[in-house]
file query10.pdb (PDB, C-alpha atoms)
ATOM      1  CA  MET A   1      20.261  17.319  37.032
ATOM      2  CA  THR A   2      20.920  13.673  36.262
ATOM      3  CA  SER A   3      19.045  11.792  33.586
ATOM      4  CA  PRO A   4      16.277   9.472  34.832
ATOM      5  CA  THR A   5      17.222   5.826  35.068
ATOM      6  CA  ALA A   6      15.210   2.916  33.728
ATOM      7  CA  ASP A   7      13.965   2.243  37.278
ATOM      8  CA  ASP A   8      12.883   5.855  37.658
ATOM      9  CA  ALA A   9      10.987   5.624  34.354
ATOM     10  CA  SER A  10       9.061   2.623  35.602
ATOM     11  CA  HIS A  11       7.851   4.690  38.584
ATOM     12  CA  HIS A  12       7.348   7.917  36.675
ATOM     13  CA  PRO A  13       5.939   7.299  33.166
ATOM     14  CA  TYR A  14       6.527  10.884  32.060
ATOM     15  CA  ASP A  15      10.230  10.681  32.917
ATOM     16  CA  ARG A  16      10.781   8.213  30.091
ATOM     17  CA  LEU A  17       9.147  10.548  27.586
ATOM     18  CA  ARG A  18      11.034  13.515  29.019
ATOM     19  CA  ALA A  19      14.327  11.673  28.629
ATOM     20  CA  GLU A  20      13.382  10.805  25.049
ATOM     21  CA  LEU A  21      12.520  14.400  24.195
ATOM     22  CA  GLU A  22      15.857  15.561  25.555
ATOM     23  CA  THR A  23      17.614  13.510  22.875
ATOM     24  CA  LEU A  24      15.765  15.243  20.028
ATOM     25  CA  THR A  25      17.404  18.072  18.114
ATOM     26  CA  THR A  26      14.048  19.782  17.660
ATOM     27  CA  GLU A  27      13.625  19.925  21.462
ATOM     28  CA  ALA A  28      17.143  21.184  22.263
ATOM     29  CA  PHE A  29      17.552  24.266  24.474
ATOM     30  CA  ARG A  30      19.441  27.246  23.046
ATOM     31  CA  SER A  31      21.264  28.813  25.998
ATOM     32  CA  ASP A  32      22.411  31.683  23.755
ATOM     33  CA  LEU A  33      18.770  32.717  23.393
ATOM     34  CA  ALA A  34      17.898  32.457  27.080
ATOM     35  CA  GLU A  35      17.326  36.230  27.335
ATOM     36  CA  ILE A  36      15.763  36.793  23.927
ATOM     37  CA  ASP A  37      12.694  38.331  25.576
ATOM     38  CA  ARG A  38      14.862  41.245  26.739
ATOM     39  CA  LEU A  39      15.996  42.153  23.211
ATOM     40  CA  PRO A  40      14.456  44.881  21.013
ATOM     41  CA  THR A  41      11.744  43.603  18.680
ATOM     42  CA  LEU A  42      13.791  44.321  15.561
ATOM     43  CA  GLU A  43      16.694  42.273  16.907
ATOM     44  CA  ILE A  44      14.407  39.327  17.696
ATOM     45  CA  ALA A  45      13.010  39.575  14.170
ATOM     46  CA  ARG A  46      16.551  39.562  12.734
ATOM     47  CA  ILE A  47      17.479  36.476  14.765
ATOM     48  CA  MET A  48      14.310  34.687  13.725
ATOM     49  CA  ASN A  49      14.837  35.576  10.076
ATOM     50  CA  GLY A  50      18.411  34.283  10.268
ATOM     51  CA  GLU A  51      17.177  31.006  11.761
ATOM     52  CA  ASP A  52      14.575  30.624   9.005
ATOM     53  CA  ALA A  53      17.233  31.217   6.334
ATOM     54  CA  THR A  54      18.951  27.961   7.328
ATOM     55  CA  VAL A  55      15.944  25.794   6.463
ATOM     56  CA  PRO A  56      16.390  25.505   2.656
ATOM     57  CA  ALA A  57      19.949  24.228   3.113
ATOM     58  CA  ALA A  58      18.674  21.537   5.464
ATOM     59  CA  VAL A  59      16.053  20.535   2.900
ATOM     60  CA  ALA A  60      18.753  20.417   0.198
ATOM     61  CA  THR A  61      20.559  17.604   2.024
ATOM     62  CA  GLN A  62      17.481  15.422   1.528
ATOM     63  CA  LEU A  63      16.793  16.162  -2.154
ATOM     64  CA  PRO A  64      17.848  12.708  -3.466
ATOM     65  CA  ARG A  65      15.529  11.029  -0.942
ATOM     66  CA  ILE A  66      12.736  13.467  -1.757
ATOM     67  CA  ALA A  67      13.134  12.834  -5.495
ATOM     68  CA  ASP A  68      13.014   9.051  -5.031
ATOM     69  CA  ALA A  69       9.866   9.393  -2.932
ATOM     70  CA  ILE A  70       8.236  11.626  -5.550
ATOM     71  CA  ASP A  71       8.982   9.237  -8.424
ATOM     72  CA  ALA A  72       7.504   6.373  -6.422
ATOM     73  CA  THR A  73       4.468   8.511  -5.556
ATOM     74  CA  ALA A  74       3.848   9.495  -9.179
ATOM     75  CA  ALA A  75       4.037   5.831 -10.237
ATOM     76  CA  ARG A  76       1.330   4.868  -7.726
ATOM     77  CA  MET A  77      -0.886   7.840  -8.539
ATOM     78  CA  SER A  78      -0.615   7.168 -12.274
ATOM     79  CA  ARG A  79      -2.338   3.858 -11.511
ATOM     80  CA  GLY A  80      -5.193   5.692  -9.824
ATOM     81  CA  GLY A  81      -3.797   5.758  -6.299
ATOM     82  CA  ARG A  82      -4.112   8.561  -3.791
ATOM     83  CA  LEU A  83      -1.666  10.725  -1.864
ATOM     84  CA  ILE A  84      -2.560  10.755   1.836
ATOM     85  CA  TYR A  85      -0.860  12.862   4.493
ATOM     86  CA  ALA A  86      -1.171  11.914   8.162
ATOM     87  CA  GLY A  87       0.068  13.926  11.114
ATOM     88  CA  ALA A  88      -0.826  15.590  14.385
ATOM     89  CA  GLY A  89      -0.845  19.250  15.380
ATOM     90  CA  THR A  90       1.099  21.542  13.064
ATOM     91  CA  ALA A  91       2.322  18.627  10.934
ATOM     92  CA  GLY A  92      -1.214  17.391  10.382
ATOM     93  CA  ARG A  93      -2.502  20.861   9.567
ATOM     94  CA  LEU A  94       0.268  21.370   7.010
ATOM     95  CA  GLY A  95      -0.752  18.126   5.308
ATOM     96  CA  VAL A  96      -4.390  19.210   5.171
ATOM     97  CA  LEU A  97      -3.305  22.581   3.771
ATOM     98  CA  ASP A  98      -1.245  20.990   1.011
ATOM     99  CA  ALA A  99      -4.049  18.572   0.128
ATOM    100  CA  SER A 100      -6.698  21.293   0.037
ATOM    101  CA  GLU A 101      -4.681  23.358  -2.442
ATOM    102  CA  CYS A 102      -4.401  20.589  -5.045
ATOM    103  CA  PRO A 103      -7.973  20.736  -6.464
ATOM    104  CA  PRO A 104      -7.901  24.444  -7.434
ATOM    105  CA  THR A 105      -4.265  24.320  -8.561
ATOM    106  CA  PHE A 106      -4.235  21.049 -10.488
ATOM    107  CA  ASN A 107      -7.943  20.289 -10.980
ATOM    108  CA  THR A 108      -7.582  17.071  -9.011
ATOM    109  CA  ASP A 109     -10.588  15.381  -7.456
ATOM    110  CA  PRO A 110     -10.571  16.187  -3.704
ATOM    111  CA  SER A 111     -10.336  12.467  -2.999
ATOM    112  CA  ARG A 112      -6.967  12.135  -4.805
ATOM    113  CA  VAL A 113      -4.903  14.109  -2.270
ATOM    114  CA  VAL A 114      -6.123  13.826   1.317
ATOM    115  CA  GLY A 115      -4.914  15.236   4.613
ATOM    116  CA  LEU A 116      -5.580  13.425   7.886
ATOM    117  CA  VAL A 117      -5.009  15.236  11.164
ATOM    118  CA  ALA A 118      -5.117  13.467  14.519
ATOM    119  CA  GLY A 119      -8.408  14.330  16.189
ATOM    120  CA  GLY A 120     -10.282  14.965  12.946
ATOM    121  CA  PRO A 121     -11.357  18.226  11.269
ATOM    122  CA  THR A 122     -11.974  20.053  14.556
ATOM    123  CA  ALA A 123      -8.243  19.702  15.308
ATOM    124  CA  LEU A 124      -7.544  22.114  12.444
ATOM    125  CA  VAL A 125      -8.693  25.052  14.540
ATOM    126  CA  ARG A 126      -8.622  23.669  18.072
ATOM    127  CA  ALA A 127      -5.737  21.646  19.481
ATOM    128  CA  ALA A 128      -6.483  17.969  20.052
ATOM    129  CA  GLU A 129      -3.031  17.105  21.282
ATOM    130  CA  GLY A 130      -4.048  13.902  23.085
ATOM    131  CA  ALA A 131      -5.013  12.382  19.740
ATOM    132  CA  GLU A 132      -1.379  12.371  18.625
ATOM    133  CA  ASP A 133      -0.646   9.548  21.067
ATOM    134  CA  ARG A 134      -3.102   7.229  19.305
ATOM    135  CA  GLY A 135      -1.448   5.063  16.680
ATOM    136  CA  ASP A 136      -4.627   2.984  16.587
ATOM    137  CA  LEU A 137      -6.581   6.116  15.686
ATOM    138  CA  ALA A 138      -4.386   6.565  12.605
ATOM    139  CA  ALA A 139      -5.048   2.968  11.554
ATOM    140  CA  SER A 140      -8.782   3.547  11.941
ATOM    141  CA  ASP A 141      -8.620   6.758   9.893
ATOM    142  CA  LEU A 142      -6.770   4.963   7.077
ATOM    143  CA  ASP A 143      -9.220   2.062   7.151
ATOM    144  CA  GLY A 144     -12.008   4.611   6.786
ATOM    145  CA  LEU A 145     -10.415   5.666   3.499
ATOM    146  CA  GLY A 146      -9.982   2.067   2.320
ATOM    147  CA  VAL A 147      -6.232   2.437   1.806
ATOM    148  CA  GLY A 148      -4.733  -0.097  -0.588
ATOM    149  CA  PRO A 149      -1.599  -0.973  -2.589
ATOM    150  CA  ASP A 150      -1.926   1.869  -5.110
ATOM    151  CA  ASP A 151      -2.036   4.546  -2.413
ATOM    152  CA  VAL A 152       0.766   6.610  -0.877
ATOM    153  CA  VAL A 153       0.727   7.492   2.824
ATOM    154  CA  VAL A 154       3.042  10.224   4.107
ATOM    155  CA  GLY A 155       3.520  10.354   7.859
ATOM    156  CA  VAL A 156       4.519  13.864   8.937
ATOM    157  CA  SER A 157       6.034  14.570  12.359
ATOM    158  CA  ALA A 158       8.678  17.079  13.416
ATOM    159  CA  SER A 159       9.924  14.825  16.207
ATOM    160  CA  GLY A 160       9.675  11.704  14.067
ATOM    161  CA  ARG A 161       8.213   9.821  17.023
ATOM    162  CA  THR A 162       4.551  10.958  17.098
ATOM    163  CA  PRO A 163       2.494   7.761  17.558
ATOM    164  CA  TYR A 164      -0.260   8.926  15.170
ATOM    165  CA  ALA A 165       2.189   9.504  12.291
ATOM    166  CA  VAL A 166       4.262   6.394  12.997
ATOM    167  CA  GLY A 167       1.097   4.324  13.394
ATOM    168  CA  ALA A 168      -0.230   5.608  10.073
ATOM    169  CA  VAL A 169       2.940   4.577   8.243
ATOM    170  CA  GLU A 170       3.130   1.177   9.922
ATOM    171  CA  HIS A 171      -0.508   0.380   9.177
ATOM    172  CA  ALA A 172      -0.278   1.663   5.602
ATOM    173  CA  ARG A 173       2.764  -0.497   4.974
ATOM    174  CA  ARG A 174       0.895  -3.568   6.216
ATOM    175  CA  LEU A 175      -1.829  -2.717   3.704
ATOM    176  CA  GLY A 176       0.731  -2.620   0.877
ATOM    177  CA  ALA A 177       0.645   1.153   0.363
ATOM    178  CA  LEU A 178       3.792   3.135  -0.438
ATOM    179  CA  THR A 179       4.998   4.872   2.722
ATOM    180  CA  ILE A 180       7.001   8.058   3.274
ATOM    181  CA  GLY A 181       8.138   9.384   6.637
ATOM    182  CA  LEU A 182       8.906  13.112   6.906
ATOM    183  CA  SER A 183      10.544  14.298  10.114
ATOM    184  CA  CYS A 184      13.076  16.826  11.409
ATOM    185  CA  ASN A 185      15.254  14.558  13.559
ATOM    186  CA  ALA A 186      17.871  12.029  12.500
ATOM    187  CA  ASN A 187      17.383   8.313  13.085
ATOM    188  CA  SER A 188      13.680   8.741  13.776
ATOM    189  CA  PRO A 189      11.199   5.900  14.332
ATOM    190  CA  LEU A 190       9.073   7.439  11.562
ATOM    191  CA  ALA A 191      11.815   7.204   8.943
ATOM    192  CA  ALA A 192      12.635   3.684  10.093
ATOM    193  CA  ALA A 193       9.008   2.628   9.691
ATOM    194  CA  ALA A 194       8.662   4.060   6.165
ATOM    195  CA  GLU A 195      10.032   2.834   2.841
ATOM    196  CA  HIS A 196      11.175   6.377   2.097
ATOM    197  CA  GLY A 197      12.561   8.239   5.103
ATOM    198  CA  ILE A 198      13.104  11.994   4.747
ATOM    199  CA  GLU A 199      14.797  13.646   7.736
ATOM    200  CA  VAL A 200      15.280  17.415   7.435
ATOM    201  CA  VAL A 201      17.345  18.303  10.498
ATOM    202  CA  VAL A 202      16.829  22.028  11.056
ATOM    203  CA  GLY A 203      18.277  22.161  14.570
ATOM    204  CA  PRO A 204      16.893  23.671  17.780
ATOM    205  CA  GLU A 205      14.028  26.124  17.517
ATOM    206  CA  LEU A 206      14.057  29.804  18.479
ATOM    207  CA  LEU A 207      11.541  28.884  21.188
ATOM    208  CA  THR A 208      12.493  25.541  22.694
ATOM    209  CA  GLY A 209      10.347  22.770  21.227
ATOM    210  CA  SER A 210       8.120  25.096  19.156
ATOM    211  CA  THR A 211       8.247  22.988  16.011
ATOM    212  CA  ARG A 212       5.736  25.137  14.138
ATOM    213  CA  LEU A 213       8.763  27.342  13.407
ATOM    214  CA  LYS A 214      11.770  25.989  11.450
ATOM    215  CA  ALA A 215      10.492  22.416  11.482
ATOM    216  CA  GLY A 216       7.095  23.583  10.237
ATOM    217  CA  THR A 217       8.726  25.608   7.471
ATOM    218  CA  ALA A 218      10.840  22.623   6.429
ATOM    219  CA  GLN A 219       7.803  20.351   6.313
ATOM    220  CA  LYS A 220       5.890  22.891   4.223
ATOM    221  CA  LEU A 221       8.770  23.095   1.730
ATOM    222  CA  VAL A 222       8.965  19.313   1.372
ATOM    223  CA  LEU A 223       5.190  18.885   1.072
ATOM    224  CA  ASN A 224       5.230  21.574  -1.633
ATOM    225  CA  MET A 225       7.790  19.489  -3.507
ATOM    226  CA  ILE A 226       5.952  16.195  -3.094
ATOM    227  CA  SER A 227       2.608  17.452  -4.379
ATOM    228  CA  THR A 228       3.886  19.894  -7.019
ATOM    229  CA  ILE A 229       6.507  17.667  -8.650
ATOM    230  CA  THR A 230       4.191  14.658  -8.507
ATOM    231  CA  MET A 231       1.595  16.699 -10.395
ATOM    232  CA  ILE A 232       4.234  17.749 -12.934
ATOM    233  CA  ARG A 233       5.052  14.056 -13.456
ATOM    234  CA  LEU A 234       1.330  13.299 -13.872
ATOM    235  CA  GLY A 235       1.038  15.835 -16.703
ATOM    236  CA  LYS A 236      -0.791  18.495 -14.734
ATOM    237  CA  THR A 237       1.484  21.193 -16.131
ATOM    238  CA  TYR A 238       2.820  22.275 -19.517
ATOM    239  CA  GLY A 239       6.275  23.629 -18.844
ATOM    240  CA  ASN A 240       5.754  25.777 -15.765
ATOM    241  CA  LEU A 241       2.147  26.600 -16.647
ATOM    242  CA  MET A 242      -0.728  25.237 -14.542
ATOM    243  CA  VAL A 243      -2.755  23.967 -17.466
ATOM    244  CA  ASP A 244      -5.103  21.947 -15.259
ATOM    245  CA  VAL A 245      -6.101  24.960 -13.169
ATOM    246  CA  ARG A 246      -9.781  24.981 -12.211
ATOM    247  CA  ALA A 247     -11.361  28.339 -13.088
ATOM    248  CA  SER A 248     -13.691  28.557 -10.092
ATOM    249  CA  ASN A 249     -13.595  32.322  -9.578
ATOM    250  CA  GLU A 250     -12.908  35.534 -11.486
ATOM    251  CA  LYS A 251      -9.183  35.555 -10.680
ATOM    252  CA  LEU A 252      -8.753  31.986 -11.901
ATOM    253  CA  ARG A 253     -10.820  32.667 -15.033
ATOM    254  CA  ALA A 254      -8.475  35.547 -15.851
ATOM    255  CA  ARG A 255      -5.493  33.301 -15.087
ATOM    256  CA  SER A 256      -6.891  30.636 -17.421
ATOM    257  CA  ARG A 257      -6.913  33.053 -20.311
ATOM    258  CA  ARG A 258      -3.411  34.245 -19.480
ATOM    259  CA  ILE A 259      -2.117  30.655 -19.370
ATOM    260  CA  VAL A 260      -3.597  29.872 -22.788
ATOM    261  CA  SER A 261      -2.038  33.092 -24.101
ATOM    262  CA  LEU A 262       1.400  32.278 -22.680
ATOM    263  CA  ALA A 263       1.282  28.732 -24.043
ATOM    264  CA  THR A 264       0.056  29.610 -27.524
ATOM    265  CA  GLY A 265       0.632  33.302 -28.237
ATOM    266  CA  ALA A 266      -2.840  33.318 -29.814
ATOM    267  CA  SER A 267      -5.076  36.365 -30.087
ATOM    268  CA  ASP A 268      -7.670  37.074 -27.390
ATOM    269  CA  GLU A 269     -10.419  36.284 -29.878
ATOM    270  CA  ARG A 270      -8.977  32.862 -30.686
ATOM    271  CA  ILE A 271      -8.394  32.125 -27.005
ATOM    272  CA  GLU A 272     -12.026  32.898 -26.157
ATOM    273  CA  SER A 273     -13.177  30.696 -29.016
ATOM    274  CA  ALA A 274     -10.951  27.817 -27.885
ATOM    275  CA  LEU A 275     -12.117  28.029 -24.281
ATOM    276  CA  ALA A 276     -15.739  28.135 -25.398
ATOM    277  CA  ALA A 277     -15.190  25.029 -27.534
ATOM    278  CA  THR A 278     -13.645  23.117 -24.615
ATOM    279  CA  ASP A 279     -15.980  24.155 -21.775
ATOM    280  CA  GLY A 280     -13.273  26.341 -20.271
ATOM    281  CA  GLU A 281     -10.680  23.555 -19.959
ATOM    282  CA  VAL A 282      -7.292  25.240 -20.309
ATOM    283  CA  LYS A 283      -5.336  22.163 -21.393
ATOM    284  CA  ASN A 284      -7.914  21.273 -24.045
ATOM    285  CA  ALA A 285      -8.024  24.845 -25.314
ATOM    286  CA  ILE A 286      -4.245  24.918 -25.745
ATOM    287  CA  LEU A 287      -4.387  21.645 -27.676
ATOM    288  CA  THR A 288      -7.071  22.927 -30.042
ATOM    289  CA  ILE A 289      -4.864  25.917 -30.880
ATOM    290  CA  LEU A 290      -1.400  24.348 -31.030
ATOM    291  CA  GLY A 291      -2.579  21.027 -32.419
ATOM    292  CA  GLU A 292      -5.130  22.618 -34.750
ATOM    293  CA  VAL A 293      -7.873  20.171 -33.733
ATOM    294  CA  ASP A 294     -11.461  20.626 -32.594
ATOM    295  CA  GLY A 295     -12.731  20.305 -29.034
ATOM    296  CA  PRO A 296     -13.864  16.650 -29.143
ATOM    297  CA  THR A 297     -10.599  15.595 -30.798
ATOM    298  CA  ALA A 298      -8.593  17.423 -28.151
ATOM    299  CA  GLU A 299     -10.534  15.638 -25.433
ATOM    300  CA  ARG A 300      -9.925  12.254 -27.056
ATOM    301  CA  LEU A 301      -6.193  12.848 -27.573
ATOM    302  CA  LEU A 302      -5.738  13.960 -23.980
ATOM    303  CA  SER A 303      -7.605  10.930 -22.739
ATOM    304  CA  GLU A 304      -5.426   8.627 -24.832
ATOM    305  CA  SER A 305      -2.257  10.335 -23.547
ATOM    306  CA  GLY A 306      -3.262  10.043 -19.897
ATOM    307  CA  GLY A 307      -3.707  13.800 -19.665
ATOM    308  CA  HIS A 308      -0.176  14.656 -20.795
ATOM    309  CA  LEU A 309      -0.445  17.683 -23.079
ATOM    310  CA  ARG A 310       2.961  17.241 -24.740
ATOM    311  CA  ALA A 311       2.143  13.663 -25.722
ATOM    312  CA  ALA A 312      -1.281  14.732 -27.016
ATOM    313  CA  LEU A 313       0.348  17.471 -29.105
ATOM    314  CA  GLU A 314       2.734  14.954 -30.629
ATOM    315  CA  ALA A 315      -0.219  12.737 -31.534
ATOM    316  CA  ALA A 316      -2.115  15.673 -33.038
ATOM    317  CA  ARG A 317       0.834  16.614 -35.251
ATOM    318  CA  HIS A 318       1.344  13.116 -36.694
TER     319      HIS A 318
END
call {"tool": "encode", "arguments": {"input": "query10.pdb", "output": "structure tokens"}}
result
Amino acid sequence: MTSPTADDASHHPYDRLRAELETLTTEAFRSDLAEIDRLPTLEIARIMNGEDATVPAAVATQLPRIADAIDATAARMSRGGRLIYAGAGTAGRLGVLDASECPPTFNTDPSRVVGLVAGGPTALVRAAEGAEDRGDLAASDLDGLGVGPDDVVVGVSASGRTPYAVGAVEHARRLGALTIGLSCNANSPLAAAAEHGIEVVVGPELLTGSTRLKAGTAQKLVLNMISTITMIRLGKTYGNLMVDVRASNEKLRARSRRIVSLATGASDERIESALAATDGEVKNAILTILGEVDGPTAERLLSESGGHLRAALEAARH
């Protein structure tokens, strides 16, 4: 079959998009897997597992770009800005997932890390695929949040060409926000539109074009890095301990006590006393024990240090 010409595309609008998709690595056809449906289940599982194992190496090629994007993100957020993900389909849902996990993990206000998915909240459980073609919809969604120069907008798209994600980045950049484009194809329009382009090329999928597979895994890994390392830079951890964890259920209350124990080595009795004196705030409780200060002093020192426990400890000891 010959590729459609420019004249053909003018008569058949979908031919142009089809020709474009055929150039994308994420849409490539794997002829060696053409009879995968005839294989035993265990063999299919082995093939799929082998494909998934290649994703971390693909992410590793982008680590310098990811690190630069994270440092820039932390600088904006330290000024009070927000981290906003924007994507369609799987990419959008992954952004919403990452955003929704920040409040319980890092005690962030839900407004500080936000996930936008094309088509709105209903698209989280029911496909709204037509919405991905609306770059103007992304601009409207960002305007609804009042995006400004201190904010960070991350467009997420496996193909790197999704109009909603590209439109979000282009509009955010016009508003002066920091922009990051995360895709799984090289030389993507999304990366070109963003200040920080991250292109994790994972290759063709097990099922042709099913980018919820390797591409989805790659995006999840990178989003994990962006949010987690940004929060580390913002002082939300002490070493590898989640000292800003929000104890909103029994499991997290038990984890809070364990974190204080790991950080201080104090007795259970002293830990309970410290948590009681700080209204259950883990970071404050650690400071009262290690810095040998009372609850109000711990709160003041943490406020003066911008929430960084190590800096507050230094201040308490001098």
call {"tool": "resolve_selection", "arguments": {"input": "query10.pdb", "expression": "the PyMOL selection byres ((chain A and resi 115) around 10)", "output": "ChimeraX atom specification"}}
result
/A:83-87,92-100,111,113-114,116-117,120-121,153-154
call {"tool": "closest_residue", "arguments": {"input": "query10.pdb", "among": "A:Gly119, A:Gly80, A:Pro296, A:Gly135", "to": "Val152 of chain A", "atoms": "all atoms listed in the file"}}
result
A:Gly80
call {"tool": "resolve_selection", "arguments": {"input": "query10.pdb", "expression": "the PyMOL selection byres ((chain A and resi 226) around 9)", "output": "list in words"}}
result
Ile66, Ala67, Ala69, Ile70, Thr73, Leu221, Val222, Leu223, Asn224, Met225, Ser227, Thr228, Ile229, Thr230 and Met231 of chain A
call {"tool": "closest_residue", "arguments": {"input": "query10.pdb", "among": "A:Leu234, A:Ala45, A:Val245, A:Leu63", "to": "Ile198 of chain A", "atoms": "only C-alpha atoms"}}
result
A:Leu63
call {"tool": "resolve_selection", "arguments": {"input": "query10.pdb", "expression": "the PyMOL selection byres ((chain A and resi 176) around 8)", "output": "number ranges by chain"}}
result
A: 148-150, 172-175, 177-178
call {"tool": "write_last_selection", "arguments": {"input": "query10.pdb", "atoms": "C-alpha atoms", "output": "PDB file, keeping the file's coordinate frame"}}
result
ATOM      1  CA  GLY A 148      -4.733  -0.097  -0.588  1.00  0.00           C
ATOM      2  CA  PRO A 149      -1.599  -0.973  -2.589  1.00  0.00           C
ATOM      3  CA  ASP A 150      -1.926   1.869  -5.110  1.00  0.00           C
ATOM      4  CA  ALA A 172      -0.278   1.663   5.602  1.00  0.00           C
ATOM      5  CA  ARG A 173       2.764  -0.497   4.974  1.00  0.00           C
ATOM      6  CA  ARG A 174       0.895  -3.568   6.216  1.00  0.00           C
ATOM      7  CA  LEU A 175      -1.829  -2.717   3.704  1.00  0.00           C
ATOM      8  CA  ALA A 177       0.645   1.153   0.363  1.00  0.00           C
ATOM      9  CA  LEU A 178       3.792   3.135  -0.438  1.00  0.00           C
TER      10      LEU A 178
END
call {"tool": "closest_residue", "arguments": {"input": "query10.pdb", "among": "A:Ala28, A:Met48, A:Val147, A:Leu142", "to": "Gly81 of chain A", "atoms": "all atoms listed in the file"}}
result
A:Val147
call {"tool": "atom_distance", "arguments": {"input": "query10.pdb", "atom1": "atom CA of Val282 of chain A", "atom2": "atom CA of Leu313 of chain A"}}
result
14.0 Å
call {"tool": "residues_around", "arguments": {"input": "query10.pdb", "residues": "Gly295 of chain A", "least_positions_apart": "5", "cutoff": "12 Å", "atoms": "all atoms listed in the file", "output": "list in words"}}
result
Ser273, Ala274, Leu275, Ala276, Ala277, Thr278, Asp279, Gly280, Glu281, Val282, Lys283, Asn284, Ala285, Ile286, Leu287, Thr288, Ile289, Arg300, Leu301 and Leu302 of chain A
call {"tool": "write_last_selection", "arguments": {"input": "query10.pdb", "atoms": "C-alpha atoms", "output": "short mmCIF file (atom, residue, chain, number, x, y, z; two decimals), in the frame of the given file"}}
result
data_model
loop_
_atom_site.label_atom_id
_atom_site.label_comp_id
_atom_site.auth_asym_id
_atom_site.auth_seq_id
_atom_site.Cartn_x
_atom_site.Cartn_y
_atom_site.Cartn_z
CA SER A 273 -13.18 30.70 -29.02
CA ALA A 274 -10.95 27.82 -27.88
CA LEU A 275 -12.12 28.03 -24.28
CA ALA A 276 -15.74 28.14 -25.40
CA ALA A 277 -15.19 25.03 -27.53
CA THR A 278 -13.64 23.12 -24.62
CA ASP A 279 -15.98 24.16 -21.78
CA GLY A 280 -13.27 26.34 -20.27
CA GLU A 281 -10.68 23.56 -19.96
CA VAL A 282 -7.29 25.24 -20.31
CA LYS A 283 -5.34 22.16 -21.39
CA ASN A 284 -7.91 21.27 -24.04
CA ALA A 285 -8.02 24.84 -25.31
CA ILE A 286 -4.24 24.92 -25.74
CA LEU A 287 -4.39 21.64 -27.68
CA THR A 288 -7.07 22.93 -30.04
CA ILE A 289 -4.86 25.92 -30.88
CA ARG A 300 -9.93 12.25 -27.06
CA LEU A 301 -6.19 12.85 -27.57
CA LEU A 302 -5.74 13.96 -23.98
#
call {"tool": "axis_aligned_box", "arguments": {"input": "query10.pdb", "around": "segment 267-279 of chain A", "padding_each_side": "8 Å", "output": "JSON"}}
result
{"center_x": -10.5, "center_y": 30.1, "center_z": -26.2, "size_x": 26.9, "size_y": 30.0, "size_z": 24.9}
call {"tool": "atom_distance", "arguments": {"input": "query10.pdb", "atom1": "atom CA of Ala193 of chain A", "atom2": "atom CA of Ile180 of chain A"}}
result
8.6 Å
call {"tool": "atom_distance", "arguments": {"input": "query10.pdb", "atom1": "atom CA of Leu252 of chain A", "atom2": "atom CA of Ala298 of chain A"}}
result
21.8 Å
call {"tool": "closest_residue", "arguments": {"input": "query10.pdb", "among": "A:Ala315, A:Ala34, A:Met77, A:Ala186", "to": "Val202 of chain A", "atoms": "only C-alpha atoms"}}
result
A:Ala186
call {"tool": "residues_around", "arguments": {"input": "query10.pdb", "residues": "segment 209-215 of chain A", "least_positions_apart": "3", "cutoff": "6 Å", "atoms": "all atoms listed in the file", "output": "list in words"}}
result
Thr26, Glu27, Asp52, Thr90, Ala158 and Ala218 of chain A
call {"tool": "closest_residue", "arguments": {"input": "query10.pdb", "among": "A:Thr162, A:Tyr238, A:Ala138, A:Gly181", "to": "Ala311 of chain A", "atoms": "only C-alpha atoms"}}
result
A:Tyr238
call {"tool": "closest_residue", "arguments": {"input": "query10.pdb", "among": "A:Thr105, A:Thr179, A:Gln62, A:Asn187", "to": "Ala247 of chain A", "atoms": "only C-alpha atoms"}}
result
A:Thr105
call {"tool": "decode", "arguments": {"input": "query10.pdb", "residues": "segment 255-272 of chain A", "atoms": "C-alpha atoms", "output": "short mmCIF file (atom, residue, chain, number, x, y, z; two decimals), in the first residue's frame"}}
result
data_model
loop_
_atom_site.label_atom_id
_atom_site.label_comp_id
_atom_site.auth_asym_id
_atom_site.auth_seq_id
_atom_site.Cartn_x
_atom_site.Cartn_y
_atom_site.Cartn_z
CA ARG A 255 2.97 4.99 60.01
CA SER A 256 3.30 8.42 61.63
CA ARG A 257 4.48 6.88 64.86
CA ARG A 258 6.89 4.60 63.02
CA ILE A 259 8.36 7.55 61.10
CA VAL A 260 8.95 9.52 64.30
CA SER A 261 10.56 6.41 65.81
CA LEU A 262 12.85 5.86 62.81
CA ALA A 263 13.88 9.52 62.75
CA THR A 264 14.52 9.90 66.47
CA GLY A 265 14.93 6.48 68.09
CA ALA A 266 12.79 7.81 70.95
CA SER A 267 10.66 5.67 73.24
CA ASP A 268 6.99 5.08 72.43
CA GLU A 269 6.03 7.18 75.43
CA ARG A 270 8.08 10.16 74.25
CA ILE A 271 6.77 9.78 70.71
CA GLU A 272 3.16 9.87 71.91
#
